[in-house]
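> Below you will find the structure I want to go over with you.
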Amino acid sequence: MKSKSFRLLLIIPLVGMFCAGVMPAHAAKIRIVATLTDLADFARAVGGDLAEVHSLATGVEDTHGVPMKPSFVPMMNRVDLLILVGFECEHAFLPALIEASKNPRIQRGTPGYVDCSTGIIPHDVPKSTDHSAGDVHPYGNPHYMLDPMLAKTAIGNIYNALLAFAPQYQAEFTRNRDAYLAKLDAKIAEWEKEAKSLKGVKFVSYHEHWPYFAARFGMDYFGTIELKPGIDPTARHVEQLIASMKAEHVPIVVREPQFPEKVPKRIAQQTGATMVTLPIMPGGVPGTETYIKMMDYIIHTMVTAVQGRK
Amino acid sequence: MKTILISIIIFFVFYSSGFAQTLEERIKILEETLKKQEETIKEQQKLIEDLKAEIKQAKPPEQQTVAQPKETPPPVGQESEKKSTLEQVQEQVQQLKEEVGQVVEAQKKNILSVFNPAIGLVGESILSYRSKGSKETGSDRPGGFDFFQRSVELNLTASVDPFARGYAVINASADPITGEATATVEEAAIQTTSLPWNLTLKGGRFFGEFGRLSYIHDHELPFVNRPLALDRYIGGESKTDGVQLNFLLPIPHYVSLTAGVGDQFGDTPNNVGDFRHFKELNFWGRSSTYFDLTPDISLETGVSGLFNPRTEGRGDPLVQPDGSTLTERRRLLLGADLVLRYQPLRNNQFRSLTWGTELLYSNNNYLVNPSGIPGGAEFNHSVGSFGLYSYLAYKFHRQWTAGFLFESVENPQDNHVQTFAYSPYITWALSHWNQLRLQYTHTANNAATGLRDDDAIYLQWTWIIGSHSHGWQER
């Protein structure tokens with residue numbers, strides 16, 4: 001009886017392992033998980049009906065604070081491609097999830113590990129990663145997705161990854177990519193036209209999400225409410241920021257919805273600036289479910305805020 | 001025995017075939033990645049050349065020696081437009097050069113440190129005041145005012161090769177009597193990263209997976225001190241020298257199975273004499289699962305077991321208040337744990353409510369010597385004891401968390417001996433790497449313990465320098 005039970009205990013995990021080994025890496029569709037919703041949007045656009053895409057984030061989270069849910073693990077265990085922003089944007093949750101997923105196809109350095117920052121020259125590469133500078137990203141600011149021109153590079157990287165994985169669908173991926181890029185290019189022209197009134201306008205934000213956006217649309221990124229990246233503002237820092245904003249007539253305070261409203265609102269009130277709540281990824285606020293809708297929202301909200309002050 | 005041998009052989013056959021498949025693929029992948037990087041660099045060089053060419057074209061012609069009729073200066077607007085185009089191009093080239101330079105510098109940094117493991121150091125200091133002396137409370141720290149450097153912990157981690165990752169944790173903790181700190185290897189293990197069939201194998205010295213908190217380092221606990229139940233039943237952290245296998249079930253729902261074997265489990269190794277029998281090893285296992293009840297509310301549960309079929313005791317015989325001695329002969333520990341968490345996705349860094357509970361049942365068998373005299377009459381006696389800890393932690397700001405911990409434990413040698421503890425606490429995390437915690441603990445011992453009730457205040461300061469990774473256990 002004892003040896004029968006022991007054999008049973010041995011057989012069950014062996015059968016389980018066999019099942020795990022023989023289960024196909026992908027069934028009819030290419031299984032993709034993206035860390036953030038903008039990348040998921042691009043993957044759907046390029047992959048089309050050939051891809052099944054999931055996003056770890058829903059859009060409302062802090063990009064550095066997507067929770068490490070065990071429910072992500074079985075999903076990541078089965079995917080063919082993992083698409084990420086890169087520049088260590090996801091360092092707070094992704095490495096542990098990748099390890100827990102036990103999926104050799106998406107480990108760092110494999111073709112299934114799709115780093116969308118490839119080919120992007122980062123802003124603000126720190127000279128030192130000492131913690132006195134806060135929670136700096138050693139490879140530069142990772143929030144390049146807020147520049148639609150750089151988002152095109154990310155789309156290109158996703159396209160290349162899909163092509164490498166399933167070259168037999170080159171025609172479909174190319175068609176999908178080109179169609180989406182054409183749509184995006186048309187929108188970029190619209191945004192550049194609409195955003196002309198933003199040139200030279202100064203603004204602050206809670207976290208340093210906006211340098212690429214500011215560079216693209218000619219805005220002056222004055223500073224952040226956070227003392228340093230990832231470090232909450234001290235009372236002294238807030239007072240200094242208010243004083244400098246008043247001196248430099250900074251008209252806009254951007255509050256990202258994952259941060260509390262209290263401090264940005266107070267700063268806006270004391271400086272006479274206009275506070276705007278802007279998402280940093282699709283789904284961050286209602287009505288921004290896709291990347292294009294999100295950028296529409298951001299540009300329109302910023303322009304309305306600036307023009308409303310004239 | 002035959003069955004075990006055959007199973008081991010089958011396992012290694014599949015294991016090695018898995019390796020053979022991945023090695024060639026990995027070399028190919030690395031070659032393709034290198035090729036893509038070379039193409040990117042070429043494209044950037046071409047862009048620089050194009051911009052340089054544009055500047056050359058935009059430059060005005062050199063001044064000629066032959067006198068030229070004085071040109072009427074162009075209207076102001078046109079001249080500034082010409083200049084601004086040239087200036088713009090020059091600025092763009094300059095900016096591009098700076099950016100490329102930054103990237104090159106970043107890559108140089110990377111190249112220089114490429115062989116270094118990730119290194120971090122954790123310091124943990126505890127200032128405390130206890131109302132009773134250690135003789136009255138049974139504490140290993142003195143009563144009254146105490147400053148305890150509990151951890152100076154060096155962490156190193158790096159990839160060993162494409163197939164495994166290695167890490168080590170070396171800790172120095174101050175001795176309660178001498179104050180001297182001796183460095184010990186808390187963990188030093190290798191863990192596979194590419195086994196097939198959803199397996200992960202860990203081997204070396206590590207904290208075995210039992211419950212939720214037994215394998216968490218002291219400074220990472222959600223409160224100051226390790227729960228009494230874990231201290232009494234496991235003996236601090238679940239330290240072992242052994243191997244542990246983890247299996248993720250290949251189903252859409254998260255179910256994780258872990259099984260391990262090692263020569264000890266806790267701070268005290270078994271007394272094995274000159275020959276360790278198979279039954280003198282420690283065997284443990286854990287099964288855990290997880291549910292997203294809503295997008296903001298989650299539940300993680302687990303059951304764990306530890307079995308040491310035969311031991312000659314852990315450490316010296318346990319002297320009881322009545323003078324008898326107990327020598328542990330068999331060790332059995334069962335546990336059930338749950339963590340219920342409310343963490344709104346939108347404000348997940350600023351707000352959460354966590355309820356964590358673990359119930360433990362210890363059933364050890366002891367050889368009892370009533371007289372305590374070596375060689376005296378002895379008999380076997382099993383003791384079943386329950387232990388519990390339950391805490392509620394409310395994070396109401398990115399920096400602030402308030403909590404309450406309740407503990408109850410029956411002594412594993414005598415279940416009539418019972419201790420309760422109640423601990424409200426508040427934590428201030430100035431940053432990821434700098435944290436202060438203030439905790440009050442009232443410990444109530446029943447009469448059978450022979451100990452007195454105690455009130456203590458703790459101020460814990462934890463800091464981290466260097467590398468800081470968010471491991472799976474931080475979820």
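Residue numbering restarts at 1 for every chain of the structure tokens, chains are lettered A, B, ... in their displayed order, and ligands are numbered from 1 as they appear.
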Quick one: which chain B residues come within 6 Å of chain A, and what is the nearest atom pair for each with the distance in Å to one decimal, counting only C-alpha atoms, rows ordered by chain and ascending number, as CSV?

```
residue,atom,partner,partner_atom,distance
B:Ser194,CA,A:Pro104,CA,5.5
B:Trp197,CA,A:Met17,CA,4.7
B:Asn198,CA,A:Lys102,CA,5.4
B:Pro250,CA,A:Ala20,CA,5.4
B:Pro252,CA,A:Pro74,CA,5.4
B:Tyr254,CA,A:Ser71,CA,5.7
B:Leu345,CA,A:Glu61,CA,5.5
B:Arg346,CA,A:Val60,CA,4.8
B:Asn347,CA,A:Gln258,CA,5.4
B:His470,CA,A:Ala92,CA,5.8
B:Gly471,CA,A:Ala96,CA,5.4
B:Trp472,CA,A:Ala96,CA,5.0
B:Arg475,CA,A:Met68,CA,5.5
```
> Selection from above, C-alpha atoms, as a PDB file, in the first residue's frame, can you write it?

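Wrote it out as result11.pdb, contents follow:
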```
ATOM      1  CA  SER B 194      15.601  27.280 -17.989  1.00  0.00           C
ATOM      2  CA  TRP B 197       8.205  21.383 -17.737  1.00  0.00           C
ATOM      3  CA  ASN B 198       7.729  24.481 -15.592  1.00  0.00           C
ATOM      4  CA  PRO B 250       0.519  24.003 -16.637  1.00  0.00           C
ATOM      5  CA  PRO B 252      -4.509  28.765 -16.667  1.00  0.00           C
ATOM      6  CA  TYR B 254      -1.918  29.793 -10.702  1.00  0.00           C
ATOM      7  CA  LEU B 345      -4.819  49.504  -9.181  1.00  0.00           C
ATOM      8  CA  ARG B 346      -4.953  53.239  -9.706  1.00  0.00           C
ATOM      9  CA  ASN B 347      -3.351  54.121  -6.378  1.00  0.00           C
ATOM     10  CA  HIS B 470      12.093  43.151  -6.238  1.00  0.00           C
ATOM     11  CA  GLY B 471      11.980  39.440  -5.658  1.00  0.00           C
ATOM     12  CA  TRP B 472       8.928  37.276  -6.089  1.00  0.00           C
ATOM     13  CA  ARG B 475       4.502  40.488  -4.051  1.00  0.00           C
TER      14      ARG B 475
END
```
> Can you pull out every residue within 12 Å of Thr153 of chain A, counting only C-alpha atoms, but drop anything in the same chain fewer than 4 positions away, and send it as a list in words?
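The contact residues come out as Leu39, Phe42, Val85, Asp115, Cys116, Ser117, Thr118, Gly119, Ile120, Ile121, Tyr144, Met145, Asp147, Pro148, Met149, Asn157, Ile158, Tyr159, Asn160, Arg177 and Leu181 of chain A; Thr40 of chain B.
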> For a test of reading the model, state the distance in Å between atom CA of Phe223 of chain B and atom CA of Asp292 of chain B, rounded to one decimal.
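Atom CA of Asp292 of chain B lies at a distance of 25.5 Å from atom CA of Phe223 of chain B.
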> Report as a PyMOL selection string all protein, DNA and RNA residues lying within 10 Å of Gly356 of chain B, evaluated on only C-alpha atoms, omitting residues in the same chain fewer than 4 positions from it.
chain B and resi 212-213+222+299-301+337-341+389-393+405
> Just to be explicit: take each residue in the selection above, keep C-alpha atoms, and write the result as a PDB file, in the first residue's frame.

```
ATOM      1  CA  ARG B 212       4.521  32.921   3.719  1.00  0.00           C
ATOM      2  CA  LEU B 213       7.016  34.423   6.149  1.00  0.00           C
ATOM      3  CA  PRO B 222       5.948  43.502   7.660  1.00  0.00           C
ATOM      4  CA  LEU B 299      -6.510  36.196  -2.171  1.00  0.00           C
ATOM      5  CA  GLU B 300      -3.446  33.988  -1.955  1.00  0.00           C
ATOM      6  CA  THR B 301      -3.599  30.778   0.060  1.00  0.00           C
ATOM      7  CA  ASP B 337      -1.740  30.528   5.282  1.00  0.00           C
ATOM      8  CA  LEU B 338      -3.663  33.193   3.516  1.00  0.00           C
ATOM      9  CA  VAL B 339      -3.128  36.769   2.396  1.00  0.00           C
ATOM     10  CA  LEU B 340      -6.177  38.835   1.500  1.00  0.00           C
ATOM     11  CA  ARG B 341      -5.264  42.134  -0.091  1.00  0.00           C
ATOM     12  CA  TYR B 389      -0.160  34.914  13.797  1.00  0.00           C
ATOM     13  CA  SER B 390      -2.488  37.328  12.065  1.00  0.00           C
ATOM     14  CA  TYR B 391      -1.788  40.869  10.965  1.00  0.00           C
ATOM     15  CA  LEU B 392      -3.596  43.733   9.305  1.00  0.00           C
ATOM     16  CA  ALA B 393      -1.575  46.399   7.512  1.00  0.00           C
ATOM     17  CA  LEU B 405      -0.193  41.952  14.723  1.00  0.00           C
TER      18      LEU B 405
END
```
> Which residues, written as a list in words, have at least one atom at most 10 Å from Arg44 of chain A, with only C-alpha atoms counted and residues fewer than 4 positions away on the same chain left out?
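Residues meeting the cut-off are Ile32, Asp38, Leu39, Ala40, Gly48, Asp49, Leu50, Ala51, Glu52, Val53, His54 and Asn176 of chain A.
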> Rounded to one decimal, what separation in Å do you get between atom CA of Glu220 of chain B and atom CA of Phe291 of chain B?
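Going from atom CA of Glu220 of chain B over to atom CA of Phe291 of chain B covers 24.0 Å.
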> How would you write, as an MDAnalysis selection string, the set of residues in segment 320-439 of chain B that DSSP gives as strand (DSSP E or B)?
chainID B and resid 325:342 352:369 379:395 400:410 418:431 434:439
> Give the answer as one residue: which of B:Pro344, B:Gly403, B:Gly466, B:Pro321 has the shortest atom-to-atom distance to Arg437 of chain B, using only C-alpha atoms?
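Checking each candidate against Arg437 of chain B, we get B:Gly403 as the closest.
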> Would you list the contacts of Thr277 of chain A as a ChimeraX atom specification, taking every protein, DNA or RNA residue within 10 Å and counting only C-alpha atoms, but skipping same-chain residues closer than 6 positions in sequence?
/A:205,253-259,261,264,284-285,298,301-302
> Keeping N, CA and C atoms, export the residues of the selection given above as a PDB file, in the first residue's frame.

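Wrote it out as again.pdb, contents follow:
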```
ATOM      1  N   SER A 205       5.201  68.485 -13.760  1.00  0.00           N
ATOM      2  CA  SER A 205       4.386  67.281 -13.608  1.00  0.00           C
ATOM      3  C   SER A 205       4.761  66.614 -12.300  1.00  0.00           C
ATOM      4  N   VAL A 253       0.182  72.693 -14.529  1.00  0.00           N
ATOM      5  CA  VAL A 253       0.604  71.614 -13.630  1.00  0.00           C
ATOM      6  C   VAL A 253      -0.040  70.338 -14.145  1.00  0.00           C
ATOM      7  N   VAL A 254       0.784  69.356 -14.482  1.00  0.00           N
ATOM      8  CA  VAL A 254       0.259  68.079 -14.962  1.00  0.00           C
ATOM      9  C   VAL A 254       0.240  67.104 -13.795  1.00  0.00           C
ATOM     10  N   ARG A 255      -0.934  66.556 -13.576  1.00  0.00           N
ATOM     11  CA  ARG A 255      -1.049  65.513 -12.560  1.00  0.00           C
ATOM     12  C   ARG A 255      -1.394  64.212 -13.280  1.00  0.00           C
ATOM     13  N   GLU A 256      -0.556  63.212 -13.079  1.00  0.00           N
ATOM     14  CA  GLU A 256      -0.852  61.892 -13.638  1.00  0.00           C
ATOM     15  C   GLU A 256      -1.843  61.186 -12.705  1.00  0.00           C
ATOM     16  N   PRO A 257      -2.843  60.495 -13.221  1.00  0.00           N
ATOM     17  CA  PRO A 257      -3.952  60.034 -12.367  1.00  0.00           C
ATOM     18  C   PRO A 257      -3.573  59.010 -11.297  1.00  0.00           C
ATOM     19  N   GLN A 258      -2.379  58.416 -11.401  1.00  0.00           N
ATOM     20  CA  GLN A 258      -2.010  57.446 -10.369  1.00  0.00           C
ATOM     21  C   GLN A 258      -1.428  58.116  -9.130  1.00  0.00           C
ATOM     22  N   PHE A 259      -1.279  59.440  -9.198  1.00  0.00           N
ATOM     23  CA  PHE A 259      -0.786  60.171  -8.032  1.00  0.00           C
ATOM     24  C   PHE A 259      -1.925  60.938  -7.391  1.00  0.00           C
ATOM     25  N   GLU A 261      -4.197  63.859  -5.798  1.00  0.00           N
ATOM     26  CA  GLU A 261      -4.498  65.164  -6.382  1.00  0.00           C
ATOM     27  C   GLU A 261      -4.069  66.314  -5.464  1.00  0.00           C
ATOM     28  N   PRO A 264      -0.568  68.486  -6.195  1.00  0.00           N
ATOM     29  CA  PRO A 264      -0.620  69.237  -7.462  1.00  0.00           C
ATOM     30  C   PRO A 264      -1.695  70.328  -7.443  1.00  0.00           C
ATOM     31  N   GLY A 284      -5.644  55.218 -18.965  1.00  0.00           N
ATOM     32  CA  GLY A 284      -5.366  55.952 -17.737  1.00  0.00           C
ATOM     33  C   GLY A 284      -6.532  56.820 -17.283  1.00  0.00           C
ATOM     34  N   VAL A 285      -7.253  57.352 -18.246  1.00  0.00           N
ATOM     35  CA  VAL A 285      -8.507  58.057 -17.945  1.00  0.00           C
ATOM     36  C   VAL A 285      -9.549  57.510 -18.913  1.00  0.00           C
ATOM     37  N   ILE A 298      -4.408  63.909 -24.619  1.00  0.00           N
ATOM     38  CA  ILE A 298      -3.316  64.675 -23.998  1.00  0.00           C
ATOM     39  C   ILE A 298      -3.142  66.016 -24.717  1.00  0.00           C
ATOM     40  N   THR A 301      -6.227  68.314 -24.279  1.00  0.00           N
ATOM     41  CA  THR A 301      -6.350  68.837 -22.910  1.00  0.00           C
ATOM     42  C   THR A 301      -5.307  69.912 -22.640  1.00  0.00           C
ATOM     43  N   MET A 302      -4.081  69.651 -23.079  1.00  0.00           N
ATOM     44  CA  MET A 302      -3.005  70.640 -22.888  1.00  0.00           C
ATOM     45  C   MET A 302      -3.323  71.931 -23.649  1.00  0.00           C
TER      46      MET A 302
END
```
> According to DSSP computed on the backbone, where in segment 166-323 of chain B is there alpha helix (DSSP H)? Give the residues as number ranges by chain.
B: 228-233
> So which residues touch His217 of chain B within 10 Å, counting only C-alpha atoms, skipping near sequence neighbours fewer than 3 positions away, as a PDB file with C-alpha atoms, in the first residue's frame?

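Just written: part_17.pdb:
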```pdb
ATOM      1  CA  SER B 151      21.444  42.697  10.341  1.00  0.00           C
ATOM      2  CA  GLU B 153      23.398  41.787   5.226  1.00  0.00           C
ATOM      3  CA  VAL B 169      23.317  36.429   1.484  1.00  0.00           C
ATOM      4  CA  GLU B 186      22.589  32.833   5.515  1.00  0.00           C
ATOM      5  CA  PHE B 207      15.451  29.406   3.200  1.00  0.00           C
ATOM      6  CA  LEU B 213       7.016  34.423   6.149  1.00  0.00           C
ATOM      7  CA  SER B 214       9.440  31.675   7.180  1.00  0.00           C
ATOM      8  CA  GLU B 220      11.729  42.390   5.092  1.00  0.00           C
ATOM      9  CA  LEU B 221       9.035  41.286   7.550  1.00  0.00           C
ATOM     10  CA  ARG B 226       9.476  37.232  13.477  1.00  0.00           C
ATOM     11  CA  GLY B 236      13.850  31.559  13.060  1.00  0.00           C
ATOM     12  CA  GLU B 237      14.127  31.512   9.288  1.00  0.00           C
ATOM     13  CA  SER B 238      13.639  28.191   7.490  1.00  0.00           C
TER      14      SER B 238
END
```
